[in-house]
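Asks: Okay, so here is final-v9.pdb, and as you'll see once you scroll down, it has PDB, C-alpha atoms.
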```
ATOM      1  CA  MET A 218     -22.941  27.640 -10.332
ATOM      2  CA  LEU A 219     -26.252  27.477  -8.544
ATOM      3  CA  ALA A 220     -24.790  29.486  -5.717
ATOM      4  CA  THR A 221     -23.304  32.191  -7.884
ATOM      5  CA  GLN A 222     -25.068  35.095  -9.476
ATOM      6  CA  ALA A 223     -23.881  35.715 -12.995
ATOM      7  CA  PRO A 224     -21.737  38.876 -12.971
ATOM      8  CA  THR A 225     -23.466  41.695 -14.792
ATOM      9  CA  GLY A 226     -21.012  44.323 -15.890
ATOM     10  CA  GLU A 227     -19.786  46.605 -13.093
ATOM     11  CA  ASP A 228     -20.949  44.701  -9.995
ATOM     12  CA  ASP A 229     -17.796  42.614 -10.171
ATOM     13  CA  ASP A 230     -16.781  43.693  -6.672
ATOM     14  CA  GLU A 231     -19.966  42.355  -5.108
ATOM     15  CA  LEU A 232     -19.353  38.937  -6.557
ATOM     16  CA  GLY A 233     -17.280  37.918  -3.565
ATOM     17  CA  GLU A 234     -20.165  38.531  -1.159
ATOM     18  CA  VAL A 235     -22.732  36.896  -3.422
ATOM     19  CA  ASP A 236     -20.427  33.905  -3.794
ATOM     20  CA  ALA A 237     -20.483  33.297  -0.046
ATOM     21  CA  VAL A 238     -24.237  32.554   0.060
ATOM     22  CA  ALA A 239     -25.806  29.566  -1.676
ATOM     23  CA  ARG A 240     -28.956  30.390  -3.617
ATOM     24  CA  GLU A 241     -30.399  26.856  -3.876
ATOM     25  CA  PRO A 242     -28.472  24.636  -1.435
ATOM     26  CA  MET A 243     -30.980  21.776  -1.440
ATOM     27  CA  LEU A 244     -31.187  21.667  -5.232
ATOM     28  CA  ALA A 245     -27.400  21.839  -5.440
ATOM     29  CA  CYS A 246     -27.106  18.895  -3.005
ATOM     30  CA  ALA A 247     -29.636  16.856  -4.982
ATOM     31  CA  ILE A 248     -27.912  17.555  -8.290
ATOM     32  CA  GLY A 249     -24.571  16.738  -6.697
ATOM     33  CA  PHE A 250     -25.828  13.362  -5.502
ATOM     34  CA  VAL A 251     -27.299  12.559  -8.904
ATOM     35  CA  LEU A 252     -24.044  13.581 -10.582
ATOM     36  CA  VAL A 253     -21.950  11.409  -8.257
ATOM     37  CA  GLY A 254     -24.327   8.493  -8.820
ATOM     38  CA  LEU A 255     -24.171   8.874 -12.583
ATOM     39  CA  MET A 256     -20.389   9.120 -12.615
ATOM     40  CA  THR A 257     -19.966   6.130 -10.305
ATOM     41  CA  SER A 258     -22.297   3.928 -12.333
ATOM     42  CA  ALA A 259     -20.588   5.080 -15.538
ATOM     43  CA  MET A 260     -17.236   4.237 -14.019
ATOM     44  CA  PHE A 261     -18.125   0.683 -13.049
ATOM     45  CA  GLY A 262     -20.224   0.050 -16.152
ATOM     46  CA  GLY A 263     -17.174  -1.122 -18.069
ATOM     47  CA  VAL A 264     -16.346  -3.865 -15.583
ATOM     48  CA  GLY A 265     -19.373  -5.854 -16.764
ATOM     49  CA  GLN A 266     -17.815  -6.059 -20.216
ATOM     50  CA  LEU A 267     -14.887  -8.130 -18.966
ATOM     51  CA  PRO A 268     -14.937 -11.691 -20.346
ATOM     52  CA  LYS A 269     -16.527 -14.154 -17.959
ATOM     53  CA  ASN A 270     -13.635 -16.633 -18.004
ATOM     54  CA  HIS A 271     -10.952 -14.059 -17.331
ATOM     55  CA  ILE A 272      -8.393 -14.681 -14.633
ATOM     56  CA  SER A 273      -9.246 -12.333 -11.815
ATOM     57  CA  GLU A 274      -6.782  -9.704 -10.770
ATOM     58  CA  ALA A 275      -6.347 -11.466  -7.451
ATOM     59  CA  GLN A 276      -5.300 -14.671  -9.161
ATOM     60  CA  ALA A 277      -3.068 -12.801 -11.546
ATOM     61  CA  SER A 278      -1.190 -11.267  -8.652
ATOM     62  CA  SER A 279      -0.994 -14.554  -6.732
ATOM     63  CA  ALA A 280       2.622 -14.901  -7.798
ATOM     64  CA  VAL A 281       3.340 -12.431  -5.039
ATOM     65  CA  LEU A 282       2.331 -15.107  -2.496
ATOM     66  CA  GLU A 283       5.730 -16.716  -2.954
ATOM     67  CA  HIS A 284       7.257 -13.758  -1.155
ATOM     68  CA  LEU A 285       4.766 -13.957   1.707
ATOM     69  CA  PRO A 286       5.327 -17.385   3.345
ATOM     70  CA  ARG A 287       3.641 -16.279   6.574
ATOM     71  CA  LYS A 288       0.549 -15.195   4.661
ATOM     72  CA  VAL A 289       0.456 -18.634   3.003
ATOM     73  CA  ASP A 290       0.732 -20.173   6.481
ATOM     74  CA  LYS A 291      -2.128 -18.029   7.736
ATOM     75  CA  ILE A 292      -4.434 -18.859   4.815
ATOM     76  CA  LEU A 293      -3.694 -22.582   5.157
ATOM     77  CA  ASP A 294      -4.285 -22.407   8.894
ATOM     78  CA  ARG A 295      -7.618 -20.620   8.453
ATOM     79  CA  ALA A 296      -8.660 -23.235   5.889
ATOM     80  CA  GLY A 297      -7.841 -25.927   8.462
ATOM     81  CA  LEU A 298      -5.191 -27.564   6.289
ATOM     82  CA  LEU A 299      -2.272 -27.306   8.713
ATOM     83  CA  GLU A 300      -1.684 -29.777  11.523
ATOM     84  CA  ASP A 301       0.519 -28.932  14.506
ATOM     85  CA  GLY A 302       4.110 -28.211  13.542
ATOM     86  CA  TRP A 303       3.452 -28.037   9.815
ATOM     87  CA  ARG A 304       3.959 -24.941   7.705
ATOM     88  CA  ALA A 305       4.467 -23.945   4.080
ATOM     89  CA  ALA A 306       7.932 -25.048   2.992
ATOM     90  CA  ARG A 307      10.539 -22.314   2.552
ATOM     91  CA  ASP A 308      13.231 -22.490  -0.069
ATOM     92  CA  PRO A 309      16.414 -23.063   1.988
ATOM     93  CA  ILE A 310      18.407 -20.488  -0.001
ATOM     94  CA  THR A 311      15.974 -17.706  -0.907
ATOM     95  CA  GLY A 312      13.455 -18.182   1.902
ATOM     96  CA  LEU A 313      10.553 -17.983  -0.547
ATOM     97  CA  ALA A 314       7.458 -20.102  -0.008
ATOM     98  CA  MET A 315       7.458 -23.140  -2.311
ATOM     99  CA  ILE A 316       4.088 -22.540  -3.900
ATOM    100  CA  ASP A 317       3.129 -23.030  -7.540
ATOM    101  CA  VAL A 318       0.141 -20.874  -8.395
ATOM    102  CA  ASP A 319      -0.306 -22.232 -11.933
ATOM    103  CA  ALA A 320      -0.266 -25.905 -10.898
ATOM    104  CA  GLN A 321      -2.001 -25.066  -7.586
ATOM    105  CA  THR A 322       0.421 -27.071  -5.468
ATOM    106  CA  ILE A 323       1.978 -26.078  -2.158
ATOM    107  CA  GLU A 324       4.928 -27.816  -0.477
ATOM    108  CA  LEU A 325       4.492 -28.290   3.269
ATOM    109  CA  GLU A 326       7.150 -29.130   5.843
ATOM    110  CA  LEU A 327       7.067 -30.424   9.419
ATOM    111  CA  ILE A 328       9.296 -28.401  11.709
ATOM    112  CA  GLY A 329      10.730 -29.986  14.836
ATOM    113  CA  GLU A 330      13.953 -30.467  16.775
ATOM    114  CA  ASP A 331      16.685 -32.801  15.585
ATOM    115  CA  ASP A 332      18.990 -34.864  17.862
ATOM    116  CA  HIS A 333      21.094 -31.791  18.711
ATOM    117  CA  GLY A 334      18.084 -29.699  19.662
ATOM    118  CA  HIS A 335      18.271 -27.520  16.539
ATOM    119  CA  GLU A 336      15.243 -26.578  14.478
ATOM    120  CA  ALA A 337      15.032 -28.888  11.476
ATOM    121  CA  VAL A 338      12.692 -30.111   8.776
ATOM    122  CA  LEU A 339      11.487 -33.554   9.821
ATOM    123  CA  SER A 340       9.189 -34.353   6.937
ATOM    124  CA  THR A 341       7.633 -32.811   3.824
ATOM    125  CA  ARG A 342       4.546 -33.360   1.761
ATOM    126  CA  THR A 343       2.760 -31.717  -1.175
ATOM    127  CA  LEU A 344      -0.688 -30.195  -1.093
ATOM    128  CA  GLY A 345      -2.413 -30.950  -4.414
ATOM    129  CA  PRO A 346      -4.774 -28.844  -6.512
ATOM    130  CA  ASP A 347      -7.823 -30.598  -5.045
ATOM    131  CA  GLU A 348      -6.943 -29.209  -1.613
ATOM    132  CA  TRP A 349      -6.058 -25.712  -2.902
ATOM    133  CA  PRO A 350      -8.016 -23.281  -0.699
ATOM    134  CA  GLU A 351     -10.299 -20.745  -2.404
ATOM    135  CA  SER A 352      -8.857 -17.944  -0.339
ATOM    136  CA  MET A 353      -5.299 -18.628  -1.565
ATOM    137  CA  VAL A 354      -5.023 -15.474  -3.652
ATOM    138  CA  GLY A 355      -2.591 -12.592  -3.634
ATOM    139  CA  GLU A 356      -4.276  -9.253  -3.233
ATOM    140  CA  ASN A 357      -3.722  -5.997  -5.013
ATOM    141  CA  LEU A 358      -2.583  -4.556  -1.700
ATOM    142  CA  ASP A 359       0.220  -7.134  -1.438
ATOM    143  CA  ARG A 360       1.480  -6.222  -4.870
ATOM    144  CA  LEU A 361       1.165  -2.538  -4.074
ATOM    145  CA  GLY A 362       3.161  -2.979  -0.880
ATOM    146  CA  PHE A 363       5.990  -4.717  -2.726
ATOM    147  CA  ASN A 364       5.921  -2.075  -5.426
ATOM    148  CA  LEU A 365       6.028   0.791  -2.946
ATOM    149  CA  LEU A 366       8.671  -0.554  -0.585
ATOM    150  CA  ASN A 367      10.866  -2.530  -2.980
ATOM    151  CA  ASP A 368      10.826  -0.431  -6.131
ATOM    152  CA  HIS A 369      10.212   3.086  -4.858
ATOM    153  CA  PRO A 370      11.621   3.416  -1.320
ATOM    154  CA  MET A 371      12.994   6.871  -2.175
ATOM    155  CA  MET A 372       9.442   8.144  -2.603
ATOM    156  CA  ILE A 373       8.664   7.532   1.059
ATOM    157  CA  GLU A 374      11.642   9.638   2.098
ATOM    158  CA  VAL A 375      10.688  12.441  -0.279
ATOM    159  CA  ALA A 376       7.078  12.319   0.919
ATOM    160  CA  GLY A 377       8.239  12.596   4.512
ATOM    161  CA  ILE A 378      10.364  15.644   3.735
ATOM    162  CA  ILE A 379       7.524  17.279   1.772
ATOM    163  CA  LEU A 380       5.080  16.735   4.640
ATOM    164  CA  LEU A 381       7.548  18.102   7.192
ATOM    165  CA  MET A 382       8.183  21.192   5.077
ATOM    166  CA  ALA A 383       4.452  21.708   4.552
ATOM    167  CA  MET A 384       3.807  21.402   8.279
ATOM    168  CA  LEU A 385       6.483  23.952   9.146
ATOM    169  CA  GLY A 386       5.449  26.233   6.287
ATOM    170  CA  ALA A 387       1.786  26.172   7.265
ATOM    171  CA  THR A 388       2.658  26.874  10.892
ATOM    172  CA  VAL A 389       4.883  29.806   9.954
ATOM    173  CA  LEU A 390       2.348  31.244   7.510
ATOM    174  CA  ALA A 391      -0.722  30.945   9.701
ATOM    175  CA  ARG A 392       0.759  31.929  13.065
ATOM    176  CA  LYS A 393      -0.659  34.973  14.754
ATOM    177  CA  HIS A 394       1.584  38.020  14.606
ATOM    178  CA  THR A 395       1.318  39.983  17.834
ATOM    179  CA  GLU A 396       2.810  43.469  18.015
ATOM    180  CA  LEU A 397       4.256  44.253  21.428
ATOM    181  CA  GLU A 398       6.167  47.345  22.465
ATOM    182  CA  GLU A 399       9.660  46.879  23.812
ATOM    183  CA  ALA A 400       8.730  47.937  27.355
ATOM    184  CA  LEU A 401       5.780  45.564  27.341
ATOM    185  CA  LYS A 402       8.022  42.751  26.128
ATOM    186  CA  ALA A 403      10.486  43.404  28.944
ATOM    187  CA  ALA A 404       7.696  43.441  31.512
ATOM    188  CA  GLN A 405       6.342  40.188  30.081
ATOM    189  CA  ALA A 406       9.793  38.599  30.285
ATOM    190  CA  ARG A 407      10.266  39.731  33.869
ATOM    191  CA  LYS A 408       6.858  38.355  34.817
ATOM    192  CA  LEU A 409       7.586  34.988  33.219
ATOM    193  CA  GLY A 410      11.021  34.895  34.857
ATOM    194  CA  SER A 411       9.633  35.515  38.330
ATOM    195  CA  MET A 412       7.004  32.818  37.764
ATOM    196  CA  PHE A 413       9.773  30.400  36.833
ATOM    197  CA  GLU A 414      11.697  31.226  39.989
ATOM    198  CA  ASP A 415       8.596  30.690  42.120
ATOM    199  CA  ASP A 416       8.118  27.327  40.495
ATOM    200  CA  GLU A 417      11.671  26.304  41.284
ATOM    201  CA  HIS A 418      11.203  27.236  44.941
ATOM    202  CA  GLY A 419       8.009  25.255  45.002
ATOM    203  CA  VAL A 420       9.790  22.209  43.597
ATOM    204  CA  THR A 421      12.616  22.402  46.129
ATOM    205  CA  HIS A 422      10.110  22.741  48.991
ATOM    206  CA  ALA A 423       8.155  19.778  47.719
ATOM    207  CA  SER A 424      11.229  17.586  47.276
ATOM    208  CA  GLY A 425      12.457  18.669  50.721
ATOM    209  CA  ARG A 426       9.187  17.498  52.231
ATOM    210  CA  ASN A 427       9.359  14.233  50.385
ATOM    211  CA  GLY A 428      12.939  13.649  51.543
TER     212      GLY A 428
ATOM    213  CA  MET B 986      15.180 -13.060  -8.472
ATOM    214  CA  HIS B 987      12.411 -10.895  -7.153
ATOM    215  CA  SER B 988      12.136  -8.656 -10.195
ATOM    216  CA  MET B 989      12.138 -11.763 -12.356
ATOM    217  CA  GLN B 990       9.171 -13.085 -10.409
ATOM    218  CA  MET B 991       7.380  -9.769 -10.730
ATOM    219  CA  PHE B 992       7.944  -9.837 -14.450
ATOM    220  CA  GLU B 993       6.418 -13.290 -14.688
ATOM    221  CA  SER B 994       3.331 -12.267 -12.753
ATOM    222  CA  PHE B 995       3.073  -9.217 -14.959
ATOM    223  CA  GLN B 996       3.106 -11.377 -18.061
ATOM    224  CA  LEU B 997       0.618 -13.799 -16.605
ATOM    225  CA  ALA B 998      -1.716 -10.924 -15.897
ATOM    226  CA  GLN B 999      -1.199  -9.491 -19.379
ATOM    227  CA  LEU B1000      -2.258 -12.783 -20.927
ATOM    228  CA  ALA B1001      -5.449 -12.749 -18.890
ATOM    229  CA  PHE B1002      -6.603  -9.368 -20.194
ATOM    230  CA  PRO B1003      -6.542  -8.866 -23.969
ATOM    231  CA  ALA B1004      -5.755  -5.278 -24.838
ATOM    232  CA  GLU B1005      -8.966  -4.596 -26.799
ATOM    233  CA  MET B1006     -11.054  -5.682 -23.803
ATOM    234  CA  SER B1007      -9.178  -3.405 -21.494
ATOM    235  CA  ALA B1008      -9.738  -0.367 -23.705
ATOM    236  CA  SER B1009     -13.533  -0.556 -23.400
ATOM    237  CA  VAL B1010     -13.236  -1.051 -19.651
ATOM    238  CA  LEU B1011     -10.779   1.801 -19.397
ATOM    239  CA  ALA B1012     -12.913   4.330 -21.277
ATOM    240  CA  PRO B1013     -15.556   4.965 -18.559
ATOM    241  CA  TYR B1014     -12.869   5.646 -15.977
ATOM    242  CA  LEU B1015     -11.214   8.176 -18.250
ATOM    243  CA  PHE B1016     -14.616   9.713 -19.006
ATOM    244  CA  VAL B1017     -15.365  10.163 -15.301
ATOM    245  CA  SER B1018     -11.865  11.483 -14.752
ATOM    246  CA  ALA B1019     -12.315  14.027 -17.540
ATOM    247  CA  ALA B1020     -15.727  15.034 -16.161
ATOM    248  CA  MET B1021     -14.277  15.571 -12.685
ATOM    249  CA  PHE B1022     -11.422  17.604 -14.104
ATOM    250  CA  ALA B1023     -13.848  19.721 -16.148
ATOM    251  CA  ILE B1024     -16.050  20.385 -13.093
ATOM    252  CA  GLY B1025     -12.970  21.358 -11.107
ATOM    253  CA  LEU B1026     -11.681  23.637 -13.855
ATOM    254  CA  ILE B1027     -15.045  25.346 -14.391
ATOM    255  CA  GLY B1028     -15.418  25.846 -10.645
ATOM    256  CA  PHE B1029     -11.920  27.265 -10.363
ATOM    257  CA  LEU B1030     -12.485  29.734 -13.196
ATOM    258  CA  THR B1031     -15.998  30.899 -12.266
ATOM    259  CA  ARG B1032     -15.830  31.149  -8.476
ATOM    260  CA  LYS B1033     -14.392  34.023  -6.482
ATOM    261  CA  ASN B1034     -14.419  32.416  -3.052
ATOM    262  CA  MET B1035     -10.868  31.320  -2.321
ATOM    263  CA  ILE B1036     -11.893  28.225  -0.333
ATOM    264  CA  ILE B1037     -14.153  27.029  -3.161
ATOM    265  CA  MET B1038     -11.329  27.622  -5.650
ATOM    266  CA  PHE B1039      -9.043  25.574  -3.443
ATOM    267  CA  LEU B1040     -11.612  22.749  -3.291
ATOM    268  CA  CYS B1041     -11.841  22.814  -7.076
ATOM    269  CA  THR B1042      -8.067  22.358  -7.405
ATOM    270  CA  GLU B1043      -8.412  19.333  -5.105
ATOM    271  CA  LEU B1044     -11.106  17.958  -7.422
ATOM    272  CA  MET B1045      -8.750  18.331 -10.394
ATOM    273  CA  PHE B1046      -6.032  16.583  -8.363
ATOM    274  CA  GLN B1047      -8.278  13.600  -7.710
ATOM    275  CA  ALA B1048      -9.374  13.468 -11.360
ATOM    276  CA  ALA B1049      -5.738  13.130 -12.388
ATOM    277  CA  GLY B1050      -5.260  10.441  -9.734
ATOM    278  CA  LEU B1051      -8.234   8.490 -11.050
ATOM    279  CA  ALA B1052      -6.791   8.574 -14.573
ATOM    280  CA  LEU B1053      -3.425   7.394 -13.219
ATOM    281  CA  ILE B1054      -4.992   4.436 -11.424
ATOM    282  CA  ALA B1055      -7.112   3.537 -14.454
ATOM    283  CA  PHE B1056      -4.097   3.562 -16.768
ATOM    284  CA  GLY B1057      -2.053   1.640 -14.211
ATOM    285  CA  ARG B1058      -4.767  -1.017 -14.102
ATOM    286  CA  HIS B1059      -4.889  -1.010 -17.904
ATOM    287  CA  HIS B1060      -1.203  -1.837 -18.113
ATOM    288  CA  LEU B1061      -1.478  -4.117 -15.044
ATOM    289  CA  GLY B1062       1.345  -2.522 -13.153
ATOM    290  CA  SER B1063       1.304  -1.178  -9.625
ATOM    291  CA  ASP B1064       3.334   1.930 -10.421
ATOM    292  CA  GLY B1065       0.213   3.986 -11.078
ATOM    293  CA  GLN B1066      -1.235   3.227  -7.664
ATOM    294  CA  THR B1067       2.096   3.851  -5.973
ATOM    295  CA  PHE B1068       2.337   7.204  -7.700
ATOM    296  CA  VAL B1069      -1.205   8.095  -6.611
ATOM    297  CA  ILE B1070      -0.250   7.386  -3.002
ATOM    298  CA  PHE B1071       2.599   9.849  -3.455
ATOM    299  CA  VAL B1072       0.258  12.370  -5.111
ATOM    300  CA  LEU B1073      -2.154  12.067  -2.160
ATOM    301  CA  CYS B1074       0.752  12.846   0.125
ATOM    302  CA  VAL B1075       1.618  15.921  -1.915
ATOM    303  CA  ALA B1076      -2.077  16.895  -1.917
ATOM    304  CA  ALA B1077      -2.094  16.744   1.884
ATOM    305  CA  ALA B1078       0.926  19.038   2.025
ATOM    306  CA  GLU B1079      -0.668  21.326  -0.539
ATOM    307  CA  ALA B1080      -3.930  21.456   1.423
ATOM    308  CA  ALA B1081      -2.073  22.522   4.557
ATOM    309  CA  MET B1082      -0.198  25.251   2.680
ATOM    310  CA  ALA B1083      -3.272  26.464   0.797
ATOM    311  CA  LEU B1084      -5.380  26.717   3.942
ATOM    312  CA  ALA B1085      -2.576  28.581   5.710
ATOM    313  CA  LEU B1086      -2.402  30.988   2.768
ATOM    314  CA  VAL B1087      -6.184  31.472   2.829
ATOM    315  CA  VAL B1088      -6.025  32.265   6.556
ATOM    316  CA  LEU B1089      -3.161  34.700   5.949
ATOM    317  CA  LEU B1090      -4.927  36.470   3.086
ATOM    318  CA  PHE B1091      -8.184  36.630   5.047
ATOM    319  CA  ARG B1092      -6.406  38.346   7.955
ATOM    320  CA  HIS B1093      -5.092  41.031   5.617
ATOM    321  CA  ARG B1094      -8.337  41.862   3.782
ATOM    322  CA  GLU B1095     -11.154  40.435   5.984
ATOM    323  CA  SER B1096     -12.551  38.884   2.794
ATOM    324  CA  LEU B1097     -12.336  35.527   1.070
ATOM    325  CA  SER B1098     -12.997  37.026  -2.331
ATOM    326  CA  ALA B1099     -10.246  36.599  -4.878
ATOM    327  CA  SER B1100     -11.078  40.041  -6.269
ATOM    328  CA  ALA B1101      -9.776  41.552  -3.017
ATOM    329  CA  TRP B1102      -6.299  40.683  -4.307
ATOM    330  CA  LYS B1103      -6.647  42.194  -7.755
ATOM    331  CA  GLU B1104      -3.310  44.008  -7.526
ATOM    332  CA  LEU B1105      -1.572  40.608  -7.678
ATOM    333  CA  ASN B1106      -2.539  40.493 -11.367
ATOM    334  CA  GLY B1107       0.470  40.119 -13.590
TER     335      GLY B1107
END
```
Let me see whether you can do it: turn the structure in this file into structure tokens.

Replies:
Amino acid sequence: MLATQAPTGEDDDELGEVDAVAREPMLACAIGFVLVGLMTSAMFGGVGQLPKNHISEAQASSAVLEHLPRKVDKILDRAGLLEDGWRAARDPITGLAMIDVDAQTIELELIGEDDHGHEAVLSTRTLGPDEWPESMVGENLDRLGFNLLNDHPMMIEVAGIILLMAMLGATVLARKHTELEEALKAAQARKLGSMFEDDEHGVTHASGRNG
Amino acid sequence: MHSMQMFESFQLAQLAFPAEMSASVLAPYLFVSAAMFAIGLIGFLTRKNMIIMFLCTELMFQAAGLALIAFGRHHLGSDGQTFVIFVLCVAAAEAAMALALVVLLFRHRESLSASAWKELNG
């Protein structure tokens, strides 16, 4: 309200003009920054009250890793735990990664070609808790992705329709209305038409030269 | 199978955060959300400039989104965040429409003041 004069009785109509000019822009900026700082520090103040031995959110959502075998592969590879040809074992029926977050064990499998040249599992082994990489955590984003695409796919469709309607609506509302007389319109159309014809001639000439 | 797994992870997460702990962590978020909403509401009611009023509605939008995310985190589900993504999408659509309306109204009256449209009073 720094930028607004308090309305005094009958000068209500002038309020619009007064409202357009800030009275104390620098002070308003400073107060705004202080306010944002206070609110942000207030917001994150509660996080410090979490118990120290709590399971982090990332660990809590690690169960989602089962559905992301390629992510498990990537994390293992980055941690240098995968030799050539090895990968996290997939359940043959569901295709889920065979990873146990609670026990911190991961099944690995060696992929190669069998006698007939088909892809096959040649050997398996288990990665124990002592080798469990620190970075093996599911993120909030993973969980959010599953939630959005698995549980609420309809929302994406609705959002798309809403955005399309808003785009069309905004274009229709904000377009410039030009008033033209009928004769002027006809002249404009004739001018455009003759330009189009000229263009066509130009194209035929050009193609004739090329041929 | 998948929903079963999700349920298990949900329970695991619930065990990790006792409810009484979450309430004290939740409170500051709701406080900030309420403060943002109040600032937005006061701005909307006291200002006459249509663009500022529109910005204040956006502030109220985001305050509601913050509360949604905080409650979603409190209950350790992802539905709150998913809904906020949807709300952001609606806010984008609303911003486009509102700005188009502001442009339209400005063309008619050459003024951004809301009092230029007094005859729209009910």

Asks: If I take atom CA of Gly362 of chain A and atom CA of Ile1054 of chain B, how far is one from the other in Å, to one decimal?

Replies: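 Atom CA of Ile1054 of chain B lies at a distance of 15.3 Å from atom CA of Gly362 of chain A.
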
Asks: Spell out the residues picked by the PyMOL selection byres ((chain B) within 6 of (chain A)) here, as a PyMOL selection string.

Replies: chain B and resi 994+998+1001+1010+1013-1014+1017+1033+1063+1067+1078+1081-1082+1085+1089+1098

Asks: Might you spell out which residues the PyMOL selection byres ((chain B and resi 1035) around 6) would select in the displayed file, as a list in words?

Replies: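 Checked against the file, the PyMOL selection byres ((chain B and resi 1035) around 6) matches Asn1034, Ile1036, Ile1037, Met1038, Leu1097 and Ala1099 of chain B.
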
Asks: Using all atoms listed in the file, can you tell me which of A:Thr341, A:Val318, A:Ala247, A:Leu285 comes closest to Trp303 of chain A?

Replies: A:Thr341

Asks: Decode the PyMOL selection byres ((chain A and resi 346) around 9) for the given file into explicit residues and return them as a ChimeraX atom specification.

Replies: /A:320-323,344-345,347-350

Asks: Set the distance at 7 Å and use only C-alpha atoms: which residues neighbour Ser1018 of chain B once local chain neighbours fewer than 4 positions away are removed? I'd like the list as a compact mmCIF listing (two decimals) with C-alpha atoms, in the coordinates of the input.

Replies:
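Listed below is the output, selection_12.txt:
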```txt
# COMPACT_ATOMS: atom_id res chain seq x y z
CA TYR B 1014 -12.87 5.65 -15.98
CA PHE B 1022 -11.42 17.60 -14.10
CA ALA B 1048 -9.37 13.47 -11.36
CA ALA B 1049 -5.74 13.13 -12.39
CA LEU B 1051 -8.23 8.49 -11.05
CA ALA B 1052 -6.79 8.57 -14.57
```

Asks: So how far away is atom CA of Met1045 of chain B from atom CA of His1059 of chain B, in Å?

Replies: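 Computed distance, atom CA of His1059 of chain B to atom CA of Met1045 of chain B, equals 21.1 Å.
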
Asks: Hey, what's within 10 Å of Val1072 of chain B if we count all atoms listed in the file and toss same-chain stuff fewer than 2 positions away? As a CSV table (one decimal) with C-alpha atoms, in the coordinates of the input, please?

Replies:
```
chain,number,residue,atom,x,y,z
A,376,ALA,CA,7.1,12.3,0.9
B,1046,PHE,CA,-6.0,16.6,-8.4
B,1047,GLN,CA,-8.3,13.6,-7.7
B,1049,ALA,CA,-5.7,13.1,-12.4
B,1050,GLY,CA,-5.3,10.4,-9.7
B,1066,GLN,CA,-1.2,3.2,-7.7
B,1067,THR,CA,2.1,3.9,-6.0
B,1068,PHE,CA,2.3,7.2,-7.7
B,1069,VAL,CA,-1.2,8.1,-6.6
B,1070,ILE,CA,-0.2,7.4,-3.0
B,1074,CYS,CA,0.8,12.8,0.1
B,1075,VAL,CA,1.6,15.9,-1.9
B,1076,ALA,CA,-2.1,16.9,-1.9
B,1077,ALA,CA,-2.1,16.7,1.9
B,1078,ALA,CA,0.9,19.0,2.0
```

Asks: Considering all atoms listed in the file, state which residue in the set B:Val1087, B:Ala1080, B:Leu1073, B:Ala1055 is at the smallest distance from Ser1009 of chain B.

Replies: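 The answer is B:Ala1055, which sits nearest to Ser1009 of chain B.
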
Asks: By how many Å are atom CA of His335 of chain A and atom CA of Ala306 of chain A apart?

Replies: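 Atom-to-atom, atom CA of His335 of chain A to atom CA of Ala306 of chain A, that is 17.2 Å.
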
Asks: Could you give me the axis-aligned bounding box of segment 238-253 of chain A, with 3 Å of padding per side, as centre plus edge lengths in Å to one decimal, as AutoDock Vina command-line options?

Replies:
```
--center_x -26.6 --center_y 22.0 --center_z -5.3 --size_x 15.2 --size_y 27.1 --size_z 16.6
```

Asks: Ranking B:Cys1041, B:Leu1053, B:Leu1105, B:Ile1027 by minimum distance to Gly1065 of chain B and counting only C-alpha atoms, which one comes first?

Replies: B:Leu1053

Asks: Would you fill the gaps in segment 344-353 of chain A so it has N, CA and C atoms, then print it as a compact mmCIF listing (two decimals), in the coordinates of the input?

Replies:
```txt
# COMPACT_ATOMS: atom_id res chain seq x y z
N LEU A 344 0.75 -30.43 -1.07
CA LEU A 344 -0.69 -30.20 -1.09
C LEU A 344 -1.12 -30.07 -2.55
N GLY A 345 -2.02 -30.92 -3.00
CA GLY A 345 -2.41 -30.95 -4.41
C GLY A 345 -3.45 -29.90 -4.76
N PRO A 346 -3.78 -29.83 -6.06
CA PRO A 346 -4.77 -28.84 -6.51
C PRO A 346 -6.16 -29.07 -5.93
N ASP A 347 -6.49 -30.34 -5.58
CA ASP A 347 -7.82 -30.60 -5.04
C ASP A 347 -8.00 -30.03 -3.64
N GLU A 348 -6.86 -29.78 -2.96
CA GLU A 348 -6.94 -29.21 -1.61
C GLU A 348 -6.67 -27.71 -1.60
N TRP A 349 -6.40 -27.14 -2.79
CA TRP A 349 -6.06 -25.71 -2.90
C TRP A 349 -7.19 -24.85 -2.34
N PRO A 350 -6.93 -24.07 -1.29
CA PRO A 350 -8.02 -23.28 -0.70
C PRO A 350 -8.44 -22.12 -1.61
N GLU A 351 -9.75 -21.83 -1.58
CA GLU A 351 -10.30 -20.74 -2.40
C GLU A 351 -9.65 -19.41 -2.07
N SER A 352 -9.33 -19.25 -0.79
CA SER A 352 -8.86 -17.94 -0.34
C SER A 352 -7.37 -17.74 -0.62
N MET A 353 -6.74 -18.74 -1.30
CA MET A 353 -5.30 -18.63 -1.56
C MET A 353 -5.07 -17.72 -2.79
```
